[in-house]
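Undergrad: Sharing final24.txt, compact mmCIF, C-alpha atoms:
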```txt
# COMPACT_ATOMS: atom_id res chain seq x y z
CA MET A 1 0.00 0.00 0.00
CA LYS A 2 2.85 2.37 0.89
CA ARG A 3 4.46 1.68 -2.50
CA VAL A 4 1.19 2.54 -4.27
CA LEU A 5 0.90 5.80 -2.33
CA LEU A 6 4.48 6.71 -3.19
CA MET A 7 3.82 5.98 -6.86
CA VAL A 8 0.68 8.15 -6.83
CA ALA A 9 2.56 10.97 -5.09
CA SER A 10 5.39 10.74 -7.61
CA LEU A 11 2.92 10.77 -10.50
CA LEU A 12 1.24 13.90 -9.12
CA LEU A 13 4.60 15.61 -8.81
CA VAL A 14 5.38 14.78 -12.44
CA ILE A 15 1.99 16.04 -13.62
CA ASN A 16 2.41 19.29 -11.70
CA ALA A 17 5.94 19.70 -13.01
CA VAL A 18 4.81 19.19 -16.62
CA ALA A 19 2.03 21.75 -16.18
CA ALA A 20 4.46 24.22 -14.64
CA GLN A 21 6.95 23.77 -17.50
CA THR A 22 4.65 25.66 -19.84
CA LEU A 23 4.79 28.77 -17.69
CA PRO A 24 8.41 29.96 -17.18
CA ASN A 25 8.55 31.46 -20.68
CA LEU A 26 5.43 33.53 -20.07
CA PRO A 27 6.10 36.96 -18.59
CA LYS A 28 4.17 37.58 -15.40
CA THR A 29 3.41 41.07 -16.65
CA LEU A 30 3.41 42.65 -20.10
CA HIS A 31 3.20 46.37 -20.84
CA SER A 32 1.69 47.69 -24.03
CA GLY A 33 3.25 51.11 -24.24
CA ALA A 34 1.10 54.21 -24.69
CA TRP A 35 -1.22 54.82 -27.66
CA LYS A 36 -3.32 57.74 -28.84
CA ALA A 37 -6.53 55.72 -28.98
CA GLY A 38 -9.35 54.45 -26.75
CA HIS A 39 -8.81 52.18 -23.77
CA VAL A 40 -7.80 48.53 -24.20
CA GLN A 41 -10.80 46.41 -25.19
CA GLY A 42 -9.45 42.90 -25.76
CA ILE A 43 -6.34 40.74 -25.92
CA ALA A 44 -5.26 37.52 -27.65
CA VAL A 45 -2.12 35.40 -27.63
CA ASP A 46 -0.53 33.29 -30.36
CA SER A 47 1.41 30.95 -28.07
CA LYS A 48 3.25 29.17 -30.91
CA GLN A 49 4.63 32.28 -32.59
CA GLU A 50 4.74 34.11 -29.25
CA PHE A 51 2.84 37.21 -30.27
CA VAL A 52 0.34 39.22 -28.25
CA TYR A 53 -2.47 41.27 -29.78
CA LEU A 54 -4.31 44.14 -28.12
CA SER A 55 -7.27 46.19 -29.35
CA PHE A 56 -7.36 49.84 -28.32
CA THR A 57 -10.88 50.64 -29.58
CA THR A 58 -9.79 52.01 -32.99
CA MET A 59 -6.43 50.32 -33.47
CA LEU A 60 -4.76 46.92 -33.17
CA VAL A 61 -1.33 46.47 -31.62
CA LYS A 62 0.90 43.44 -32.28
CA MET A 63 3.84 42.84 -29.98
CA ASN A 64 6.13 40.00 -28.99
CA MET A 65 6.57 38.45 -25.58
CA LYS A 66 9.37 40.89 -24.81
CA GLY A 67 6.90 43.74 -25.06
CA GLU A 68 8.40 44.97 -28.35
CA VAL A 69 5.90 46.36 -30.84
CA VAL A 70 5.95 44.49 -34.16
CA GLY A 71 3.19 46.44 -35.91
CA THR A 72 -0.09 48.29 -35.58
CA VAL A 73 -3.28 48.55 -37.64
CA THR A 74 -5.03 51.91 -37.68
CA GLY A 75 -7.66 53.75 -39.70
CA LEU A 76 -10.72 52.27 -37.98
CA LEU A 77 -13.72 54.47 -37.22
CA GLY A 78 -15.60 51.66 -35.52
CA HIS A 79 -15.26 49.93 -32.16
CA LEU A 80 -12.73 47.07 -32.22
CA GLY A 81 -13.42 45.02 -29.11
CA CYS A 82 -12.76 41.49 -27.87
CA LEU A 83 -10.10 39.47 -29.74
CA GLU A 84 -9.57 35.75 -30.38
CA PHE A 85 -6.61 34.06 -32.07
CA ASN A 86 -7.72 31.03 -34.10
CA GLU A 87 -5.01 28.36 -33.98
CA GLU A 88 -6.68 26.41 -36.80
CA ASP A 89 -6.19 29.07 -39.48
CA GLY A 90 -3.57 31.28 -37.81
CA ARG A 91 -5.71 34.41 -37.99
CA LEU A 92 -7.02 36.90 -35.46
CA TYR A 93 -10.75 37.48 -35.03
CA GLY A 94 -12.29 40.54 -33.41
CA SER A 95 -15.64 42.26 -32.94
CA LEU A 96 -16.02 45.45 -34.99
CA GLU A 97 -19.03 47.72 -34.45
CA TYR A 98 -20.27 50.73 -36.38
CA LYS A 99 -23.23 52.56 -34.87
CA ASN A 100 -24.42 56.08 -34.19
CA ASP A 101 -25.09 55.80 -30.47
CA ALA A 102 -23.06 57.19 -27.56
CA ILE A 103 -20.15 54.86 -28.30
CA GLY A 104 -20.11 55.64 -32.01
CA ARG A 105 -20.28 59.39 -31.42
CA GLY A 106 -17.51 59.13 -28.84
CA ILE A 107 -15.26 57.37 -31.34
CA MET A 108 -15.86 60.05 -33.97
CA LYS A 109 -15.00 62.74 -31.44
CA GLN A 110 -11.88 60.87 -30.35
CA GLU A 111 -10.71 60.47 -33.96
CA GLY A 112 -11.52 64.08 -34.77
CA VAL A 113 -13.83 63.32 -37.69
CA SER A 114 -17.45 64.11 -38.48
CA LYS A 115 -19.06 61.30 -40.45
CA HIS A 116 -22.33 59.42 -40.37
CA LEU A 117 -21.45 55.79 -41.02
CA GLU A 118 -23.89 53.00 -41.74
CA THR A 119 -24.77 50.80 -38.77
CA GLY A 120 -23.05 47.44 -39.08
CA PHE A 121 -21.70 44.68 -36.85
CA TYR A 122 -18.78 42.75 -38.32
CA VAL A 123 -16.32 40.05 -37.39
CA ALA A 124 -12.94 41.51 -38.33
CA ILE A 125 -10.41 38.90 -39.48
CA PHE A 126 -6.75 39.92 -39.49
CA ASP A 127 -4.03 38.23 -41.51
CA VAL A 128 -1.51 38.70 -38.72
CA ASP A 129 1.50 37.53 -40.76
CA LYS A 130 1.10 40.70 -42.83
CA ILE A 131 1.22 42.99 -39.81
CA THR A 132 4.90 43.90 -39.93
CA ARG A 133 5.13 47.64 -39.26
CA LYS A 134 3.49 50.46 -37.36
CA GLY A 135 0.69 52.47 -38.91
CA MET A 136 -0.71 49.90 -41.33
CA ASN A 137 -4.15 50.84 -42.61
CA ALA A 138 -7.10 48.51 -42.04
CA GLU A 139 -8.71 49.41 -45.37
CA ARG A 140 -5.75 49.82 -47.73
CA ASP A 141 -2.96 47.48 -46.63
CA GLY A 142 -4.69 44.12 -47.13
CA VAL A 143 -4.42 43.00 -43.51
CA MET A 144 -8.13 42.79 -42.65
CA THR A 145 -11.32 41.30 -44.06
CA THR A 146 -14.78 41.44 -42.50
CA VAL A 147 -17.99 39.40 -42.31
CA LEU A 148 -21.34 41.02 -41.46
CA LEU A 149 -23.47 39.41 -38.74
CA LYS A 150 -26.96 40.10 -40.06
CA THR A 151 -28.77 38.72 -37.01
CA VAL A 152 -27.03 41.23 -34.76
CA VAL A 153 -28.00 44.07 -37.10
CA LYS A 154 -31.59 42.79 -37.17
CA ASP A 155 -31.85 42.61 -33.37
CA PHE A 156 -30.23 46.03 -32.98
CA ASN A 157 -32.70 47.62 -35.40
CA ALA A 158 -35.75 45.75 -34.07
CA THR A 159 -38.73 47.33 -32.34
CA VAL A 160 -40.40 44.95 -29.89
CA VAL A 161 -43.35 45.09 -27.52
CA GLY A 162 -42.48 44.55 -23.87
CA LYS A 163 -44.51 42.78 -21.21
CA ASP A 164 -46.22 46.06 -20.30
CA GLY A 165 -47.33 46.61 -23.89
CA LYS A 166 -44.87 49.44 -24.55
CA LYS A 167 -42.72 49.55 -27.67
CA LEU A 168 -38.99 49.09 -27.06
CA GLN A 169 -36.04 49.69 -29.33
CA HIS A 170 -33.44 46.92 -29.76
CA ARG A 171 -34.50 43.30 -29.13
CA HIS A 172 -33.19 42.18 -25.71
CA GLY A 173 -31.55 45.60 -25.42
CA CYS A 174 -29.04 44.61 -28.15
CA SER A 175 -26.39 47.29 -28.64
CA GLY A 176 -24.34 45.17 -31.06
CA PHE A 177 -21.77 42.60 -29.98
CA ASP A 178 -18.41 42.57 -28.28
CA GLY A 179 -17.35 39.21 -26.81
CA ILE A 180 -15.90 36.67 -29.27
CA SER A 181 -14.28 33.24 -28.84
CA PHE A 182 -13.94 29.81 -30.45
CA GLY A 183 -15.17 26.74 -28.60
CA PRO A 184 -17.49 23.72 -28.68
CA ALA A 185 -21.06 23.92 -29.98
CA PHE A 186 -23.67 24.23 -27.24
CA ASP A 187 -25.85 21.62 -28.99
CA GLY A 188 -23.44 18.81 -28.07
CA SER A 189 -22.49 18.07 -31.70
CA GLY A 190 -18.78 18.42 -30.98
CA ARG A 191 -18.31 21.07 -33.67
CA ARG A 192 -15.88 23.90 -32.99
CA LEU A 193 -17.75 27.15 -33.58
CA LEU A 194 -17.21 30.86 -33.29
CA THR A 195 -19.29 32.29 -30.46
CA ILE A 196 -20.16 35.96 -30.13
CA ALA A 197 -21.89 37.74 -27.23
CA TYR A 198 -24.21 40.72 -27.52
CA GLY A 199 -23.57 44.10 -26.06
CA ILE A 200 -26.62 45.02 -23.96
CA TYR A 201 -27.85 48.51 -23.20
CA GLY A 202 -28.05 49.13 -19.45
CA ASP A 203 -31.66 50.33 -19.37
CA THR A 204 -32.96 49.82 -15.84
CA ASN A 205 -36.59 50.44 -16.83
CA ARG A 206 -37.05 47.37 -19.01
CA THR A 207 -37.13 43.66 -18.11
CA ASP A 208 -36.20 41.99 -21.41
CA ASN A 209 -32.47 42.83 -21.14
CA ASP A 210 -31.50 40.55 -18.25
CA TYR A 211 -30.01 37.81 -20.44
CA GLN A 212 -26.67 37.61 -22.17
CA ILE A 213 -27.24 36.52 -25.76
CA LEU A 214 -24.72 34.17 -27.39
CA LEU A 215 -24.73 33.33 -31.10
CA GLN A 216 -22.68 30.48 -32.60
CA TYR A 217 -21.36 30.30 -36.17
CA ASP A 218 -19.54 27.69 -38.23
CA THR A 219 -16.80 29.74 -39.92
CA LYS A 220 -15.53 26.97 -42.20
CA GLN A 221 -17.64 28.33 -45.08
CA TRP A 222 -16.98 31.99 -44.40
CA ALA A 223 -14.50 32.51 -47.25
CA LYS A 224 -17.45 33.32 -49.53
CA TYR A 225 -18.48 36.17 -47.21
CA GLU A 226 -15.12 37.73 -46.38
CA ALA A 227 -14.48 41.11 -47.97
CA PRO A 228 -12.20 44.08 -47.32
CA MET A 229 -13.77 46.89 -45.32
CA SER A 230 -14.73 50.16 -46.95
CA GLN A 231 -16.06 52.40 -44.22
CA GLU A 232 -17.53 54.83 -46.77
CA LYS A 233 -19.51 52.05 -48.44
CA MET A 234 -19.87 49.05 -46.14
CA HIS A 235 -20.56 45.64 -47.61
CA HIS A 236 -23.48 43.45 -46.50
CA ARG A 237 -21.90 40.01 -46.93
CA GLY A 238 -22.43 37.50 -44.16
CA PRO A 239 -24.50 34.52 -42.99
CA SER A 240 -28.24 35.11 -42.86
CA LYS A 241 -28.53 33.48 -39.44
CA PRO A 242 -26.39 31.80 -36.78
CA ASP A 243 -26.12 28.07 -36.15
CA GLY A 244 -27.61 28.66 -32.72
CA LYS A 245 -28.87 31.41 -30.39
CA TYR A 246 -28.57 30.90 -26.62
CA TYR A 247 -29.37 32.74 -23.39
CA VAL A 248 -27.52 33.19 -20.09
CA TYR A 249 -29.55 34.59 -17.19
CA THR A 250 -27.15 36.99 -15.48
CA GLY A 251 -29.26 40.06 -14.87
CA ASN A 252 -28.58 43.20 -16.86
CA THR A 253 -24.96 44.28 -17.28
CA THR A 254 -23.68 47.59 -18.61
CA TRP A 255 -22.89 47.05 -22.32
CA GLY A 256 -23.23 43.27 -22.05
CA VAL A 257 -20.33 40.81 -22.39
CA GLN A 258 -17.15 42.80 -22.92
CA ASN A 259 -14.86 39.77 -23.15
CA LEU A 260 -15.86 36.18 -23.88
CA GLU A 261 -13.31 33.41 -23.46
CA TYR A 262 -13.54 29.63 -23.70
CA ASP A 263 -11.15 27.71 -21.44
CA LYS A 264 -10.56 24.17 -22.68
CA GLY A 265 -9.02 22.96 -19.42
CA SER A 266 -12.09 23.65 -17.30
CA ASN A 267 -14.57 23.37 -20.22
CA GLN A 268 -16.07 26.68 -19.21
CA TRP A 269 -17.00 29.88 -21.02
CA PHE A 270 -16.05 33.02 -19.11
CA LEU A 271 -18.20 36.13 -19.57
CA ALA A 272 -16.51 39.30 -18.32
CA CYS A 273 -18.76 42.36 -17.96
CA TYR A 274 -19.08 45.82 -16.53
CA PRO A 275 -21.47 45.81 -13.53
CA GLY A 276 -25.14 46.48 -14.14
CA LYS A 277 -27.22 49.04 -12.28
CA LYS A 278 -30.42 47.17 -11.39
CA ASP A 279 -30.98 46.96 -7.64
CA SER A 280 -32.67 43.57 -7.97
CA TYR A 281 -29.36 41.92 -8.93
CA SER A 282 -25.96 41.67 -7.30
CA ASN A 283 -24.42 42.97 -10.54
CA TYR A 284 -21.54 40.54 -10.82
CA THR A 285 -18.80 41.28 -13.36
CA LEU A 286 -17.76 37.71 -14.21
CA PHE A 287 -19.80 34.61 -15.00
CA ALA A 288 -18.87 31.06 -16.04
CA VAL A 289 -20.98 28.91 -18.36
CA ASN A 290 -20.74 25.12 -18.35
CA GLY A 291 -19.46 23.82 -21.68
CA ALA A 292 -20.51 20.23 -20.98
CA ARG A 293 -24.21 20.58 -20.15
CA LEU A 294 -26.78 20.93 -22.90
CA PRO A 295 -28.97 24.05 -22.71
CA LEU A 296 -32.42 23.75 -21.18
CA VAL A 297 -35.37 25.17 -23.11
CA ARG A 298 -37.28 27.14 -20.52
CA PRO A 299 -39.38 30.31 -20.07
CA LEU A 300 -37.49 33.59 -20.46
CA TYR A 301 -38.02 35.92 -17.50
CA GLY A 302 -39.34 39.36 -18.35
CA VAL A 303 -39.41 38.81 -22.12
CA GLY A 304 -42.91 39.19 -23.48
CA TYR A 305 -42.14 38.71 -27.17
CA GLU A 306 -40.12 35.47 -26.79
CA LYS A 307 -41.74 32.98 -24.43
CA VAL A 308 -39.03 30.31 -24.23
CA GLY A 309 -35.45 29.80 -25.31
CA PRO A 310 -32.40 27.53 -24.81
CA VAL A 311 -30.81 28.72 -21.56
CA LEU A 312 -27.22 27.77 -20.71
CA HIS A 313 -26.07 26.58 -17.27
CA PHE A 314 -23.55 28.21 -14.99
CA GLY A 315 -20.35 26.24 -14.99
CA PHE A 316 -18.61 26.42 -11.65
CA GLU A 317 -19.17 23.86 -8.94
CA LYS A 318 -20.66 24.35 -5.49
CA GLY A 319 -18.56 26.69 -3.40
CA GLN A 320 -17.25 28.56 -6.43
CA GLY A 321 -18.75 31.94 -7.17
CA ARG A 322 -21.53 33.62 -5.24
CA SER A 323 -25.29 33.51 -5.30
CA ASP A 324 -27.45 35.49 -2.91
CA ARG A 325 -31.14 36.08 -2.32
CA LYS A 326 -31.24 39.01 -4.72
CA ASP A 327 -30.23 36.87 -7.64
CA GLY A 328 -31.85 33.56 -6.89
CA GLU A 329 -30.30 31.31 -9.53
CA VAL A 330 -27.74 33.83 -10.81
CA ARG A 331 -24.16 33.06 -9.80
CA GLY A 332 -20.97 34.96 -10.47
CA TRP A 333 -18.06 36.96 -9.08
CA HIS A 334 -17.23 40.58 -8.43
CA ASN A 335 -13.97 40.27 -10.38
CA GLU A 336 -11.70 43.28 -10.81
CA LEU A 337 -10.04 42.28 -14.10
CA GLY A 338 -11.26 40.65 -17.30
CA ALA A 339 -13.73 43.07 -18.86
CA CYS A 340 -10.94 44.89 -20.74
CA GLY A 341 -9.09 41.78 -21.86
CA MET A 342 -9.02 38.06 -21.05
CA CYS A 343 -7.12 35.25 -22.73
CA SER A 344 -6.89 31.58 -21.75
CA LEU A 345 -3.34 30.21 -21.95
CA GLY A 346 -4.00 26.59 -20.93
CA ASN A 347 -3.37 24.69 -17.70
CA GLY A 348 -5.68 27.07 -15.85
CA TYR A 349 -3.65 30.18 -16.64
CA PHE A 350 -4.87 33.41 -18.19
CA TYR A 351 -3.71 36.85 -19.13
CA LEU A 352 -5.97 39.57 -17.76
CA ALA A 353 -5.66 43.16 -18.96
CA LYS A 354 -5.79 46.28 -16.82
CA PRO A 355 -6.33 49.59 -18.64
CA GLY A 356 -4.27 52.65 -17.81
CA LYS A 357 -3.61 56.17 -18.95
CA SER A 358 -0.53 58.38 -19.16
CA LYS A 359 0.38 61.72 -20.71
CA GLN A 360 1.47 59.81 -23.81
CA GLY A 361 -1.84 57.98 -24.25
CA ARG A 362 -3.76 54.86 -23.27
CA THR A 363 -1.87 51.91 -21.80
CA ALA A 364 -2.50 48.31 -20.82
CA THR A 365 -0.81 45.94 -18.40
CA LEU A 366 -1.33 42.21 -18.83
CA TYR A 367 -1.14 40.12 -15.66
CA LEU A 368 -0.54 36.38 -15.60
CA ALA A 369 -3.31 34.88 -13.47
CA ARG A 370 -4.40 31.42 -12.36
CA TYR A 371 -8.04 30.34 -12.27
CA VAL A 372 -8.89 29.19 -8.75
CA GLY A 373 -12.69 29.47 -8.80
CA LYS A 374 -13.15 30.33 -5.15
CA ARG A 375 -16.33 31.77 -3.76
CA TYR A 376 -15.22 35.39 -3.63
CA HIS A 377 -12.71 35.52 -6.46
CA ALA A 378 -12.12 33.58 -9.64
CA PHE A 379 -8.46 34.37 -10.34
CA GLU A 380 -5.22 34.82 -8.44
CA ILE A 381 -2.45 36.95 -9.91
CA VAL A 382 0.82 35.01 -10.28
CA GLU A 383 3.47 36.80 -8.23
```
So that I can check it, write out the structure of this file as structure tokens.
TA:
Amino acid sequence: MKRVLLMVASLLLVINAVAAQTLPNLPKTLHSGAWKAGHVQGIAVDSKQEFVYLSFTTMLVKMNMKGEVVGTVTGLLGHLGCLEFNEEDGRLYGSLEYKNDAIGRGIMKQEGVSKHLETGFYVAIFDVDKITRKGMNAERDGVMTTVLLKTVVKDFNATVVGKDGKKLQHRHGCSGFDGISFGPAFDGSGRRLLTIAYGIYGDTNRTDNDYQILLQYDTKQWAKYEAPMSQEKMHHRGPSKPDGKYYVYTGNTTWGVQNLEYDKGSNQWFLACYPGKKDSYSNYTLFAVNGARLPLVRPLYGVGYEKVGPVLHFGFEKGQGRSDRKDGEVRGWHNELGACGMCSLGNGYFYLAKPGKSKQGRTATLYLARYVGKRYHAFEIVE
């Protein structure tokens, strides 16, 4: 028996050592430098080529693991948000929004231009091998193509009738989309799909905006839709509908899911948000969705125009995350980092971005963190 215990202990030491071997080459902190742009919105890591990508609202920054800038992509008048590096095709995917609301007007003011652009919600796809110098242009230098998500546009433009009979703009409070990540299909088919998460307006006077909305797409046939972006005359090429539309009951959050990230090790989807303002919820900033459980078709609370829908399950086990009497079934964390950038690195490790500001411009610091899933906090920063 003692020999068996020694063998088990030795095996555990080996497993832990192997897991730890993937970490020494990862900096515990990475600094972006300062940029004349908006705050950091999303991050992604190409672990094989050892490049890091950061979106600063209207520009993309590519740097190596030493913190040296390799190139930038500029010229965007839309909101470049969450990022995801796709290891299967070696390209970078990001959410790209064009709209004439408070965010859109703020971007125009920041960029010092006065234009009225067509509303459109695109997946931006960057050929990162071509990003080799600073100041490359998103429209002219052949580094970016886009695909329109027509369902997002439709929900953004929709007028619906709420439970009280009043007309409401934007189905489910859709303000576009921000979160984006690749991971398994929620229908249990085993397919690897692109998942996007809606932005949600933080209207405290309506009840149909208390769900996060996730759409899934099979991108293997997207070559026929991809087209360069012309911001003066936007194209309308894209799939007519998603492969699936799913709901996560979190309570309203300000601007919806800012960063969406699938973590293969824990088989969980992490939804990082800004806190909501409804007193009836605890207004958590981080949620985890179970990637193994099939969604349950059930009534949708507070939504008069859609009676039922496939609702996803929270992912963490008992004792992880919080749930109080305000929320009932809602569980999450008040997590400080993640909404401005989150990237799974494997073996339970992540990079989390913290925005900053200096006289030279906007900055970002990436912290190496470990997922621990405790009741009061999800991550621990690696010291």
Undergrad: Counting all atoms listed in the file, which residues in range 112-197 of chain A sit no more than 7 Å from range 300-312 of chain A? For each one, give the nearest pair of atoms and the distance in Å, sorted by chain then residue number, as a tab-separated table.
TA:
```
residue	atom	partner	partner_atom	distance
A:Val161	CA	A:Tyr305	CA	6.5
A:Gly162	CA	A:Gly304	CA	5.4
A:Lys163	CA	A:Gly304	CA	4.5
```
Undergrad: Using only C-alpha atoms, please write the residues we just selected to a file, as a PDB file, in the frame of the given file.
TA:
```pdb
ATOM      1  CA  VAL A 161     -43.350  45.090 -27.520  1.00  0.00           C
ATOM      2  CA  GLY A 162     -42.480  44.550 -23.870  1.00  0.00           C
ATOM      3  CA  LYS A 163     -44.510  42.780 -21.210  1.00  0.00           C
TER       4      LYS A 163
END
```
Undergrad: Report as a Markdown table: every residue of range 163-227 of chain A with an atom at most 10 Å from range 113-130 of chain A, its closest pair of atoms, and their distance in Å to one decimal, counting only C-alpha atoms, with rows sorted by chain and ascending residue number.
TA:
```
| residue | atom | partner | partner_atom | distance |
| --- | --- | --- | --- | --- |
| A:Ser175 | CA | A:Phe121 | CA | 9.8 |
| A:Gly176 | CA | A:Phe121 | CA | 6.4 |
| A:Phe177 | CA | A:Phe121 | CA | 7.2 |
| A:Asp178 | CA | A:Phe121 | CA | 9.4 |
| A:Ile180 | CA | A:Val123 | CA | 8.8 |
| A:Ile196 | CA | A:Val123 | CA | 9.2 |
| A:Glu226 | CA | A:Ile125 | CA | 8.4 |
| A:Ala227 | CA | A:Ile125 | CA | 9.7 |
```
Undergrad: Within 7 Å of (0.5, 57.3, -27.2) (file coordinates; all atoms listed in the file), which protein or nucleic acid residues are there? I'd like them as a PDB file with C-alpha atoms, in the coordinates of the input.
TA:
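result-v5.pdb written:
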```
ATOM      1  CA  ALA A  34       1.100  54.210 -24.690  1.00  0.00           C
ATOM      2  CA  TRP A  35      -1.220  54.820 -27.660  1.00  0.00           C
ATOM      3  CA  LYS A  36      -3.320  57.740 -28.840  1.00  0.00           C
ATOM      4  CA  GLN A 360       1.470  59.810 -23.810  1.00  0.00           C
ATOM      5  CA  GLY A 361      -1.840  57.980 -24.250  1.00  0.00           C
ATOM      6  CA  ARG A 362      -3.760  54.860 -23.270  1.00  0.00           C
TER       7      ARG A 362
END
```
Undergrad: If you measure from CA of Val160 in chain A to CA of Lys278 in chain A, what distance in Å do you get, rounded to one decimal?
TA: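 Between CA of Val160 in chain A and CA of Lys278 in chain A the gap is 21.1 Å.
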Undergrad: Please determine, counting only C-alpha atoms, which residue among A:Tyr93, A:Val153, A:Thr57, A:Gly315 has the shortest atom-to-atom distance to Thr219 in chain A.
TA: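 Smallest separation from Thr219 in chain A among the options: A:Tyr93.
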Undergrad: Hey, which of A:Gly42, A:Gly276, A:Gly291, A:Gly251 ends up closest to Pro355 in chain A? Count all atoms listed in the file.
TA: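 Ranked by minimum distance to Pro355 in chain A, first place goes to A:Gly42.
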Undergrad: Excluding range 259-272 of chain A and residues on its chain fewer than 5 positions from it, collect all residues at most 6 Å away from it, counting all atoms listed in the file, and give them as a VMD selection string.
TA: chain A and resid 82 179 to 181 183 285 to 291 338 to 339 344
Undergrad: At what distance in Å, to one decimal, does CA of Lys154 in chain A lie from CA of Val257 in chain A?
TA: 18.7 Å
Undergrad: Once you add 6 Å to each side, what are the centre and edge lengths of the axis-aligned box holding all listed atoms of range 335-339 of chain A? One decimal in Å, as AutoDock Vina command-line options, if you can.
TA:
```
--center_x -12.0 --center_y 41.8 --center_z -14.6 --size_x 15.9 --size_y 15.0 --size_z 20.5
```
Undergrad: When you look at Gly67 in chain A with a cut-off of 9 Å (counting all atoms listed in the file), what residues show up, excluding the ones that are within fewer than 6 positions of it in the same chain? I need them as an NGL selection string.
TA: :A and (30-33 or 52)
Undergrad: At what distance in Å, to one decimal, does CA of Asn137 in chain A lie from CA of Thr74 in chain A?
TA: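 Atom-to-atom, CA of Thr74 in chain A to CA of Asn137 in chain A, that is 5.1 Å.
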Undergrad: From the list A:Asn209, A:Thr204, A:Ser189, A:Thr254, which residue is nearest Gly173 in chain A when using all atoms listed in the file?
TA: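 The shortest atom-to-atom distance to Gly173 in chain A comes from A:Asn209.
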Undergrad: What lies within 12 Å of His39 in chain A using all atoms listed in the file, ignoring chain neighbours under 4 positions off, as JSON, numbers by chain?
TA: {"A": [32, 34, 35, 43, 54, 55, 56, 57, 58, 59, 60, 79, 80, 81, 107, 110, 339, 340, 341, 353, 354, 355, 356, 357, 358, 361, 362, 363, 364, 365]}
Undergrad: Between A:Thr146, A:Asn335, A:Gln258, A:Ser95, which one has atoms that come closest to Ala223 in chain A, using all atoms listed in the file?
TA: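 Nearest to Ala223 in chain A: A:Thr146.
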Undergrad: Place a sphere of radius 12 Å on (-30.0, 33.8, -9.0) in the file coordinates and name every protein, DNA or RNA residue with an atom inside or on its surface, counting all atoms listed in the file; give the answer as a list in words.
TA: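 Returned residue set, sorted by chain then number, is Asp210, Val248, Tyr249, Thr250, Gly251, Ser280, Tyr281, Ser282, Asn283, Tyr284, Phe287, Tyr301, His313, Phe314, Gly321, Arg322, Ser323, Asp324, Arg325, Lys326, Asp327, Gly328, Glu329, Val330, Arg331 and Gly332 of chain A.
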Undergrad: What lies within 9 Å of His236 in chain A using only C-alpha atoms, ignoring chain neighbours under 4 positions off, as a PyMOL selection string?
TA: chain A and resi 120+147-150+225
Undergrad: Looking at A:Ala37, A:Val297, A:Met63, A:Met144, which one is nearest to Gln49 in chain A, with distances taken over all atoms listed in the file?
TA: A:Met63
Undergrad: Let me make sure I understand: among A:Arg206, A:Lys66, A:Arg91, A:Lys233, which one has the smallest atom-to-atom distance to His170 in chain A if we use all atoms listed in the file?
TA: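 Going through A:Arg206, A:Lys66, A:Arg91, A:Lys233 one by one, the smallest distance to His170 in chain A is for A:Arg206.
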Undergrad: Determine, counting only C-alpha atoms, which protein, DNA and RNA residues have an atom within 8 Å of an atom of Phe85 in chain A; residues of the same chain fewer than 3 positions away are not included. Present the result as number ranges by chain.
TA: A: 44-46, 90-93
